[in-house]
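Asker: data_14.tsv is reproduced in full below (TSV, C-alpha atoms).
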```tsv
chain	number	residue	atom	x	y	z
I	1	MET	CA	68.48	-71.21	0.95
I	2	LYS	CA	71.86	-71.40	-0.71
I	3	ILE	CA	74.05	-73.80	1.29
I	4	PHE	CA	77.80	-73.83	0.81
I	5	GLN	CA	80.17	-76.59	1.87
I	6	GLU	CA	83.87	-76.55	2.63
I	7	GLY	CA	85.79	-76.35	-0.62
I	8	ASP	CA	83.00	-74.61	-2.58
I	9	GLN	CA	84.04	-71.47	-4.38
I	10	SER	CA	82.52	-68.02	-4.77
I	11	LYS	CA	83.64	-64.44	-5.34
I	12	ALA	CA	84.05	-61.41	-3.10
I	13	VAL	CA	86.01	-58.21	-2.76
I	14	CYS	CA	89.17	-58.61	-0.70
I	15	SER	CA	90.10	-55.41	1.12
I	16	HIS	CA	93.66	-56.63	1.60
I	17	CYS	CA	94.17	-57.33	-2.13
I	18	ALA	CA	91.93	-54.34	-3.07
I	19	SER	CA	90.37	-56.39	-5.85
I	20	THR	CA	87.68	-58.91	-6.64
I	21	VAL	CA	88.94	-62.39	-5.84
I	22	THR	CA	87.75	-65.95	-5.95
I	23	THR	CA	87.05	-67.36	-2.51
I	24	THR	CA	87.04	-70.86	-1.11
I	25	PHE	CA	84.79	-71.74	1.81
I	26	ARG	CA	86.64	-73.01	4.86
I	27	ARG	CA	85.96	-73.33	8.59
I	28	ARG	CA	87.67	-70.77	10.79
I	29	ASP	CA	87.44	-69.06	14.17
I	30	VAL	CA	86.48	-65.44	13.46
I	31	PRO	CA	86.55	-62.67	16.12
I	32	PHE	CA	83.97	-59.90	16.38
I	33	ASN	CA	85.43	-56.49	15.55
I	34	ASP	CA	84.52	-55.11	19.00
I	35	GLY	CA	86.70	-57.79	20.63
I	36	SER	CA	83.76	-59.22	22.58
I	37	ALA	CA	84.05	-62.82	21.41
I	38	VAL	CA	85.08	-65.27	18.72
I	39	ALA	CA	82.65	-67.23	16.56
I	40	LYS	CA	84.30	-70.63	16.43
I	41	ASN	CA	84.54	-73.01	13.52
I	42	ILE	CA	82.14	-71.13	11.25
I	43	LEU	CA	82.09	-71.44	7.46
I	44	VAL	CA	83.71	-68.40	5.83
I	45	GLY	CA	84.89	-67.33	2.40
I	46	VAL	CA	88.68	-67.16	2.28
I	47	CYS	CA	90.53	-65.09	-0.35
I	48	ASP	CA	92.35	-67.48	-2.68
I	49	VAL	CA	95.12	-64.92	-3.16
I	50	CYS	CA	96.05	-63.79	0.38
I	51	GLY	CA	94.14	-66.11	2.71
I	52	THR	CA	92.20	-63.31	4.46
I	53	THR	CA	88.66	-64.08	5.64
I	54	VAL	CA	86.59	-61.90	3.31
I	55	SER	CA	83.02	-63.18	3.42
I	56	ILE	CA	80.52	-65.09	5.49
I	57	PRO	CA	77.61	-67.01	3.96
I	58	ALA	CA	74.09	-66.53	5.35
I	59	GLN	CA	74.14	-70.07	6.78
I	60	SER	CA	76.80	-69.05	9.35
I	61	THR	CA	74.50	-66.47	10.99
I	62	PRO	CA	73.00	-68.84	13.63
I	63	ALA	CA	76.49	-69.77	14.89
I	64	ILE	CA	77.50	-66.08	14.92
I	65	SER	CA	74.31	-65.13	16.76
I	66	LYS	CA	74.93	-67.85	19.37
I	67	ALA	CA	78.54	-66.72	19.94
I	68	ARG	CA	77.39	-63.10	20.25
I	69	LYS	CA	74.64	-63.93	22.75
I	70	GLU	CA	77.01	-65.97	24.89
I	71	ALA	CA	79.50	-63.12	24.99
I	72	THR	CA	77.11	-60.35	25.95
I	73	GLU	CA	74.83	-59.75	28.89
I	74	SER	CA	72.03	-57.27	29.39
I	75	ILE	CA	71.99	-54.34	31.75
I	76	GLU	CA	68.47	-53.05	32.28
I	77	ALA	CA	67.28	-50.14	34.41
I	78	ASN	CA	64.32	-47.81	34.60
I	79	LEU	CA	65.80	-44.41	35.44
I	80	PRO	CA	64.31	-40.94	35.91
I	81	ALA	CA	64.50	-39.39	32.44
I	82	ILE	CA	66.91	-36.68	33.62
I	83	TYR	CA	69.72	-39.26	33.95
I	84	LEU	CA	69.31	-40.34	30.33
I	85	ASP	CA	69.29	-36.66	29.31
I	86	VAL	CA	72.58	-36.13	31.16
I	87	LEU	CA	74.09	-39.27	29.67
I	88	ASP	CA	73.08	-38.38	26.12
I	89	TYR	CA	74.27	-34.80	26.58
I	90	ALA	CA	77.65	-36.11	27.74
I	91	VAL	CA	77.79	-38.32	24.62
I	92	HIS	CA	76.95	-35.31	22.46
I	93	THR	CA	79.57	-33.15	24.21
I	94	ILE	CA	82.33	-35.73	23.74
I	95	ASP	CA	81.53	-36.14	20.04
I	96	HIS	CA	78.41	-34.81	18.39
I	97	ARG	CA	78.88	-37.37	15.60
I	98	ALA	CA	78.98	-40.29	18.03
I	99	SER	CA	76.43	-43.02	17.43
I	100	THR	CA	73.72	-43.74	19.98
I	101	ASP	CA	75.69	-46.88	20.82
I	102	PHE	CA	78.40	-44.69	22.37
I	103	ARG	CA	76.10	-44.34	25.41
I	104	ARG	CA	76.85	-48.01	26.12
I	105	VAL	CA	80.59	-47.49	25.61
I	106	LEU	CA	80.65	-44.44	27.89
I	107	LEU	CA	78.82	-46.21	30.73
I	108	SER	CA	80.97	-49.32	30.29
I	109	TYR	CA	84.11	-47.18	30.50
I	110	PHE	CA	83.07	-45.56	33.78
I	111	LEU	CA	81.86	-48.86	35.26
I	112	HIS	CA	85.10	-50.63	34.37
I	113	ARG	CA	87.22	-47.75	35.68
I	114	ALA	CA	85.33	-47.56	38.99
I	115	ALA	CA	85.40	-51.34	39.50
I	116	GLY	CA	89.18	-51.36	39.32
I	117	ASP	CA	89.76	-48.46	41.70
I	118	ALA	CA	88.75	-48.64	45.39
I	119	GLN	CA	88.72	-44.82	45.72
I	120	LEU	CA	86.37	-44.44	42.76
I	121	THR	CA	84.10	-47.12	44.23
I	122	GLU	CA	83.85	-45.11	47.46
I	123	LYS	CA	83.27	-41.94	45.42
I	124	LEU	CA	80.36	-43.64	43.62
I	125	LYS	CA	78.79	-44.52	46.96
I	126	ALA	CA	79.11	-40.94	48.16
I	127	MET	CA	77.77	-39.57	44.89
I	128	HIS	CA	74.49	-41.40	45.22
I	129	SER	CA	73.08	-39.05	47.88
I	130	LYS	CA	74.36	-36.03	45.92
I	131	ALA	CA	72.58	-37.32	42.81
I	132	LEU	CA	69.30	-37.69	44.68
I	133	LEU	CA	69.65	-34.18	46.09
I	134	ARG	CA	70.41	-32.72	42.65
I	135	PHE	CA	67.65	-34.66	40.89
I	136	PRO	CA	64.87	-35.16	43.47
I	137	GLU	CA	62.38	-37.87	42.57
I	138	HIS	CA	58.81	-36.84	43.13
I	139	ARG	CA	55.79	-39.01	42.46
I	140	GLY	CA	54.97	-39.36	38.76
I	141	ILE	CA	58.41	-38.28	37.56
I	142	ALA	CA	59.14	-39.13	33.90
I	143	ARG	CA	61.25	-42.29	33.57
I	144	ARG	CA	63.10	-43.86	30.65
I	145	ARG	CA	64.32	-47.38	30.16
I	146	LEU	CA	68.03	-48.01	29.78
I	147	SER	CA	68.75	-51.31	28.09
I	148	MET	CA	72.13	-52.29	26.76
I	149	LYS	CA	74.16	-55.32	25.84
I	150	VAL	CA	77.61	-55.32	27.35
I	151	PRO	CA	80.50	-57.77	27.39
I	152	ALA	CA	80.24	-60.27	30.27
I	153	ARG	CA	83.28	-58.63	31.87
I	154	ILE	CA	81.50	-55.26	32.19
I	155	ASN	CA	78.49	-56.95	33.78
I	156	GLU	CA	80.90	-58.52	36.29
I	157	ASP	CA	82.24	-55.01	37.02
I	158	LEU	CA	78.67	-53.80	37.59
I	159	GLN	CA	77.84	-56.71	39.91
I	160	SER	CA	81.06	-56.13	41.84
I	161	LEU	CA	80.18	-52.44	42.27
I	162	VAL	CA	76.62	-53.34	43.34
I	163	ARG	CA	78.08	-55.52	46.10
I	164	ARG	CA	80.72	-53.03	47.22
I	165	THR	CA	78.52	-49.90	47.17
I	166	GLU	CA	75.43	-51.71	48.53
I	167	LEU	CA	73.37	-49.95	45.87
I	168	ASN	CA	71.13	-51.83	43.46
I	169	THR	CA	71.74	-51.61	39.69
I	170	THR	CA	69.36	-48.68	39.14
I	171	GLU	CA	70.74	-46.65	42.07
I	172	LEU	CA	74.32	-47.44	41.10
I	173	LEU	CA	73.70	-46.26	37.53
I	174	LYS	CA	72.36	-42.97	38.90
I	175	SER	CA	75.69	-42.49	40.71
I	176	VAL	CA	77.66	-43.43	37.59
I	177	VAL	CA	75.72	-40.96	35.43
I	178	PHE	CA	76.13	-38.27	38.08
I	179	GLY	CA	79.87	-38.98	38.00
I	180	ILE	CA	79.87	-38.69	34.20
I	181	GLN	CA	78.13	-35.33	34.55
I	182	ASP	CA	80.94	-34.18	36.86
I	183	ASP	CA	83.83	-35.49	34.78
I	184	VAL	CA	82.52	-34.68	31.30
I	185	LEU	CA	80.14	-31.73	31.63
I	186	ASN	CA	80.92	-29.79	34.85
I	187	THR	CA	84.67	-30.06	35.23
I	188	PRO	CA	86.00	-31.78	32.11
I	189	LYS	CA	89.58	-32.99	32.27
I	190	ALA	CA	91.40	-32.65	28.95
I	191	LYS	CA	93.12	-36.05	29.17
I	192	LEU	CA	89.89	-37.90	29.94
I	193	ILE	CA	87.97	-36.10	27.20
I	194	GLU	CA	90.70	-36.90	24.67
I	195	GLU	CA	90.56	-40.56	25.67
I	196	LEU	CA	86.76	-40.63	25.35
I	197	GLN	CA	86.93	-38.86	21.98
I	198	VAL	CA	89.22	-41.61	20.70
I	199	LEU	CA	86.73	-44.21	21.94
I	200	ALA	CA	83.87	-42.31	20.25
I	201	ALA	CA	85.80	-42.21	16.97
I	202	ILE	CA	86.35	-45.95	16.90
I	203	SER	CA	82.96	-46.95	18.28
I	204	ILE	CA	80.22	-47.96	15.95
V	1	MET	CA	88.75	-52.78	-14.68
V	2	GLY	CA	85.47	-52.69	-16.60
V	3	ARG	CA	82.05	-52.67	-15.03
V	4	LEU	CA	80.39	-56.02	-14.62
V	5	VAL	CA	77.62	-56.25	-17.20
V	6	SER	CA	75.34	-58.38	-15.02
V	7	GLU	CA	75.15	-55.82	-12.20
V	8	PRO	CA	71.62	-54.44	-11.70
V	9	ARG	CA	71.54	-50.71	-12.37
V	10	GLY	CA	69.12	-48.14	-11.00
V	11	TYR	CA	67.07	-48.15	-7.83
V	12	LYS	CA	64.21	-50.35	-9.03
V	13	ALA	CA	66.45	-53.06	-10.50
V	14	VAL	CA	68.71	-53.00	-7.44
V	15	LYS	CA	65.75	-53.23	-5.06
V	16	LYS	CA	64.29	-56.17	-7.00
V	17	ALA	CA	67.63	-58.00	-7.13
V	18	VAL	CA	68.49	-57.58	-3.45
V	19	ILE	CA	65.02	-58.65	-2.32
V	20	ALA	CA	65.26	-61.72	-4.58
V	21	ALA	CA	68.65	-62.64	-3.07
V	22	LEU	CA	67.27	-62.27	0.46
V	23	MET	CA	64.20	-64.37	-0.40
V	24	ARG	CA	66.38	-67.12	-1.88
V	25	GLY	CA	68.73	-67.00	1.11
V	26	ASP	CA	71.49	-66.55	-1.46
V	27	TYR	CA	73.67	-63.83	0.05
V	28	GLN	CA	76.89	-63.36	1.95
V	29	HIS	CA	78.39	-60.76	4.27
V	30	GLU	CA	81.59	-58.85	3.76
V	31	VAL	CA	84.20	-59.27	6.48
V	32	ARG	CA	87.68	-57.88	6.82
V	33	GLY	CA	89.20	-60.54	9.02
V	34	CYS	CA	86.61	-59.84	11.77
V	35	ILE	CA	82.82	-60.03	12.02
V	36	ASP	CA	81.44	-56.50	11.87
V	37	VAL	CA	78.98	-56.15	14.77
V	38	LYS	CA	77.39	-53.30	12.81
V	39	ASN	CA	76.06	-55.81	10.30
V	40	LEU	CA	72.97	-56.82	12.23
V	41	LEU	CA	71.88	-59.24	9.49
V	42	SER	CA	75.10	-61.25	9.80
V	43	THR	CA	74.86	-61.38	13.59
V	44	GLY	CA	71.20	-62.44	13.47
V	45	VAL	CA	69.80	-59.39	15.26
V	46	VAL	CA	67.49	-58.88	12.26
V	47	THR	CA	66.22	-61.55	9.89
V	48	ALA	CA	66.22	-61.59	6.10
V	49	ALA	CA	62.42	-61.19	6.21
V	50	GLN	CA	62.78	-58.01	8.29
V	51	VAL	CA	65.38	-56.60	5.89
V	52	ILE	CA	63.09	-57.41	2.95
V	53	ASP	CA	60.33	-55.48	4.71
V	54	ILE	CA	62.64	-52.49	5.28
V	55	ILE	CA	63.74	-52.46	1.63
V	56	LYS	CA	60.17	-52.85	0.39
V	57	ARG	CA	59.22	-49.76	2.38
V	58	SER	CA	61.97	-47.69	0.76
V	59	ASP	CA	60.85	-45.33	-2.00
V	60	GLY	CA	64.12	-44.50	-3.70
V	61	THR	CA	64.68	-41.17	-1.98
V	62	GLY	CA	67.05	-42.85	0.46
V	63	TYR	CA	68.94	-44.71	-2.25
V	64	GLU	CA	72.58	-43.97	-3.02
V	65	CYS	CA	74.98	-45.62	-5.39
V	66	SER	CA	78.72	-45.09	-5.48
V	67	ARG	CA	81.82	-46.95	-6.52
V	68	LEU	CA	82.81	-49.61	-3.99
V	69	HIS	CA	86.53	-48.93	-4.28
V	70	ARG	CA	88.55	-46.64	-6.51
V	71	ASN	CA	90.28	-49.66	-8.09
V	72	ILE	CA	87.20	-51.84	-8.39
V	73	ALA	CA	84.40	-51.03	-10.83
V	74	ILE	CA	81.59	-52.39	-8.70
V	75	ASP	CA	78.61	-50.33	-7.55
V	76	CYS	CA	78.05	-50.07	-3.82
V	77	HIS	CA	74.36	-49.57	-2.99
V	78	VAL	CA	72.89	-47.95	0.10
V	79	ILE	CA	69.17	-48.05	0.86
V	80	LYS	CA	68.00	-45.98	3.81
V	81	ALA	CA	64.45	-46.56	5.02
V	82	CYS	CA	62.50	-46.68	8.29
V	83	GLY	CA	65.60	-45.54	10.19
V	84	TRP	CA	67.66	-48.42	8.76
V	85	TYR	CA	70.81	-48.34	6.67
V	86	VAL	CA	71.41	-51.25	4.30
V	87	LYS	CA	74.67	-51.32	2.34
V	88	PHE	CA	75.56	-54.03	-0.18
V	89	TYR	CA	77.01	-54.88	-3.56
V	90	PHE	CA	76.46	-57.46	-6.25
V	91	LEU	CA	79.26	-59.64	-7.53
V	92	ASP	CA	77.62	-62.07	-9.89
V	93	PRO	CA	76.24	-64.45	-8.73
V	94	ALA	CA	76.70	-63.26	-5.13
V	95	THR	CA	74.92	-60.50	-3.24
V	96	ILE	CA	77.16	-59.28	-0.44
V	97	PHE	CA	76.01	-57.17	2.50
V	98	ILE	CA	78.50	-54.76	4.03
V	99	SER	CA	76.29	-53.25	6.72
V	100	VAL	CA	72.73	-53.50	8.00
V	101	HIS	CA	72.12	-51.26	10.99
V	102	GLN	CA	69.85	-48.64	12.53
```
Show me, as structure tokens, the structure contained in the file I just sent.
Answerer:
Amino acid sequence: MKIFQEGDQSKAVCSHCASTVTTTFRRRDVPFNDGSAVAKNILVGVCDVCGTTVSIPAQSTPAISKARKEATESIEANLPAIYLDVLDYAVHTIDHRASTDFRRVLLSYFLHRAAGDAQLTEKLKAMHSKALLRFPEHRGIARRRLSMKVPARINEDLQSLVRRTELNTTELLKSVVFGIQDDVLNTPKAKLIEELQVLAAISI
Amino acid sequence: MGRLVSEPRGYKAVKKAVIAALMRGDYQHEVRGCIDVKNLLSTGVVTAAQVIDIIKRSDGTGYECSRLHRNIAIDCHVIKACGWYVKFYFLDPATIFISVHQ
């Protein structure tokens, strides 16, 4: 294992300078590019020309992994497969080039929006019975697991909605997906779709 | 700017060199001010041993090589295998990963 120390030098490509540069290892706080957290005081390679953080040595991975885990929480649910079909079809409709990760972004968007709007929270509650009527659940129905890592703030939104709608996580997600079906597939609103397309374009 | 003479060329040489760097633990990750969450090796979602396994399973059909930047004569290598995408370059003596994701 190659171990670098502060002050050691290496080389990297600096996107800011658009050239190969010598780098000096220093300790810095470095944010994740999805804005979820900051890895604090990790060893990084700094461009000797412009001072931009341009590289990270392998030895910094444990600190990055720890910061990432602390910043994200899991949402897990076992849903009738039809809900995942609807969700993935909505993703495909918004942007057929969107990555599979956009499913997480789309659900997070709707959860965050509903948590901040009392009317939408009520709408979610009402939608639950409509969802069950539209997609009846008979014995032996195919189910698929939904598992995603979300920022802690989105999990707080979910927990808040669970409390306010008196639905558990699985039932709440059925309502959210049913709402996505309404807003994206059945009666798409141009402004919302444009907003989601921007999110799809910048999501990874 | 001229090409670096020490850069491995061709799929087999590139594969051997990147595996050797991973085995030695002698590699870095490219960042542009922020940690790219798409680089699952840098964030510890996958280990170097898992990436070695992915690369070993590649057969060259999923290998691509292009110039890293129009102003920089460094090859950028992409190995696609087992549903994974591994993108990196060599800058003697460093091996620098740009992206490792599914």
Asker: Could you give me, as a tab-separated table, a per-residue list for chain I showing, wherever an atom lies at most 10 Å from an atom of chain V, the closest pair of atoms and their distance in Å to one decimal, using all atoms listed in the file and sorting by chain then residue number from low to high?
Answerer:
```
residue	atom	partner	partner_atom	distance
I:Met1	CA	V:Gly25	CA	4.2
I:Lys2	CA	V:Asp26	CA	4.9
I:Ile3	CA	V:Asp26	CA	8.2
I:Phe4	CA	V:Asp26	CA	9.9
I:Ser10	CA	V:Ala94	CA	7.5
I:Lys11	CA	V:Leu91	CA	6.9
I:Ala12	CA	V:Leu91	CA	6.8
I:Val13	CA	V:Glu30	CA	7.9
I:Cys14	CA	V:Arg32	CA	7.7
I:Ser15	CA	V:Arg32	CA	6.7
I:His16	CA	V:Arg32	CA	8.0
I:Ala18	CA	V:Asn71	CA	7.1
I:Ser19	CA	V:Ile72	CA	6.1
I:Thr20	CA	V:Ile72	CA	7.3
I:Asp29	CA	V:Cys34	CA	9.6
I:Val30	CA	V:Cys34	CA	5.9
I:Pro31	CA	V:Cys34	CA	5.2
I:Phe32	CA	V:Ile35	CA	4.5
I:Asn33	CA	V:Cys34	CA	5.2
I:Asp34	CA	V:Val37	CA	7.0
I:Gly35	CA	V:Cys34	CA	9.1
I:Ser36	CA	V:Val37	CA	9.7
I:Ala37	CA	V:Ile35	CA	9.9
I:Val38	CA	V:Ile35	CA	8.8
I:Ala39	CA	V:Ile35	CA	8.5
I:Val44	CA	V:Val31	CA	9.2
I:Gly45	CA	V:Gln28	CA	8.9
I:Val46	CA	V:Gly33	CA	9.5
I:Gly51	CA	V:Gly33	CA	9.8
I:Thr52	CA	V:Gly33	CA	6.1
I:Thr53	CA	V:Gly33	CA	4.9
I:Val54	CA	V:Val31	CA	4.8
I:Ser55	CA	V:Glu30	CA	4.6
I:Ile56	CA	V:His29	CA	5.0
I:Pro57	CA	V:Gln28	CA	4.2
I:Ala58	CA	V:Gln28	CA	5.4
I:Gln59	CA	V:Gly25	CA	8.4
I:Ser60	CA	V:Ser42	CA	8.0
I:Thr61	CA	V:Ser42	CA	5.4
I:Pro62	CA	V:Gly44	CA	6.7
I:Ala63	CA	V:Thr43	CA	8.6
I:Ile64	CA	V:Thr43	CA	5.6
I:Ser65	CA	V:Thr43	CA	4.9
I:Lys66	CA	V:Thr43	CA	8.7
I:Ala67	CA	V:Thr43	CA	9.1
I:Arg68	CA	V:Thr43	CA	7.3
I:Lys69	CA	V:Thr43	CA	9.5
I:Ser99	CA	V:Gln102	CA	9.9
I:Thr100	CA	V:Gln102	CA	9.7
I:Ile204	CA	V:Lys38	CA	6.8
```
Asker: Considering all atoms listed in the file, state which residue in the set I:Thr187, I:Asn155, I:Asn168, I:Thr121 is at the smallest distance from I:Ala71.
Answerer: I:Asn155
Asker: At a cut-off of 7 Å, using only C-alpha atoms, what residues contact I:Arg103? Leave out same-chain residues fewer than 3 positions from it and give the result as a PyMOL selection string.
Answerer: chain I and resi 87-88+91+100+106-107
Asker: Considering all atoms listed in the file, can you say which of V:Glu7, V:Gly83, V:Ile55, V:Asn39 comes closest to V:Ile19?
Answerer: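 Of V:Glu7, V:Gly83, V:Ile55, V:Asn39, the one nearest V:Ile19, counting all atoms listed in the file, is V:Ile55.
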Asker: Quick one: residues within 8 Å of I:Ala81, only C-alpha atoms, excluding same-chain residues fewer than 2 positions away - as a list of chain:residue names?
Answerer: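 Selected residues are I:Leu79, I:Tyr83, I:Leu84, I:Asp85, I:Ala142, I:Arg143, I:Arg144.
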Asker: Could you list, as a list in words, every residue within 8 Å of V:Pro8, counting all atoms listed in the file and ignoring same-chain residues fewer than 4 positions away?
Answerer: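 With the cut-off at 8 Å, the set is Ala13, Val14, Ala17 and Phe90 of chain V.
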Asker: Atom CA of I:Ile42 to atom CA of I:Asp8: how many Å, to one decimal?
Answerer: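 Rounded to one decimal, the two atoms are 14.3 Å apart.
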Asker: Report, in Å with one decimal, the straight-line distance from atom CA of I:Gly116 to atom CA of I:Val184.
Answerer: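 Atom-to-atom, atom CA of I:Gly116 to atom CA of I:Val184, that is 19.7 Å.
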Asker: Could you check the closest approach to V:Glu64 for each of V:Tyr85, V:Ile79, V:Val51, V:Gly10 and tell me which residue wins, using only C-alpha atoms?
Answerer: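 Closest to V:Glu64, using only C-alpha atoms: V:Ile79.
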Asker: So how far away is atom CA of I:Lys123 from atom CA of I:Met148, in Å?
Answerer: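 Interatomic distance, atom CA of I:Met148 to atom CA of I:Lys123: 24.1 Å.
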Asker: Find the residues near V:Val86: any atom within 6 Å, counting all atoms listed in the file, skip ones fewer than 3 places away on the same chain, and give them as a PyMOL selection string.
Answerer: chain V and resi 78-79+99-100
Asker: Go through V:Lys80, V:His101, V:Arg9, V:Lys87 and flag the residue nearest V:Arg57, using only C-alpha atoms for the distances.
Answerer: V:Lys80
Asker: Could you put an axis-aligned box around every listed atom of stretch 66-77 of chain V, padded by 6 Å on each side, and send me its centre and edge lengths in Å to one decimal, as lines of an AutoDock Vina configuration file?
Answerer:
```
center_x = 82.3
center_y = -48.7
center_z = -6.9
size_x = 27.9
size_y = 19.3
size_z = 19.8
```
Asker: Set the distance at 8 Å and use only C-alpha atoms: which residues neighbour I:Lys125 once local chain neighbours fewer than 3 positions away are removed? I'd like the list as a PDB file with C-alpha atoms, in the coordinates of the input.
Answerer:
```pdb
ATOM      1  CA  THR I 121      84.100 -47.120  44.230  1.00  0.00           C
ATOM      2  CA  GLU I 122      83.850 -45.110  47.460  1.00  0.00           C
ATOM      3  CA  HIS I 128      74.490 -41.400  45.220  1.00  0.00           C
ATOM      4  CA  SER I 129      73.080 -39.050  47.880  1.00  0.00           C
ATOM      5  CA  THR I 165      78.520 -49.900  47.170  1.00  0.00           C
ATOM      6  CA  LEU I 167      73.370 -49.950  45.870  1.00  0.00           C
ATOM      7  CA  LEU I 172      74.320 -47.440  41.100  1.00  0.00           C
ATOM      8  CA  SER I 175      75.690 -42.490  40.710  1.00  0.00           C
TER       9      SER I 175
END
```
Asker: At most 12 Å from (87.2, -48.2, 42.9), file frame, all atoms listed in the file: which residues, as a PyMOL selection string?
Answerer: chain I and resi 110-125+157-158+160-162+164-165+176
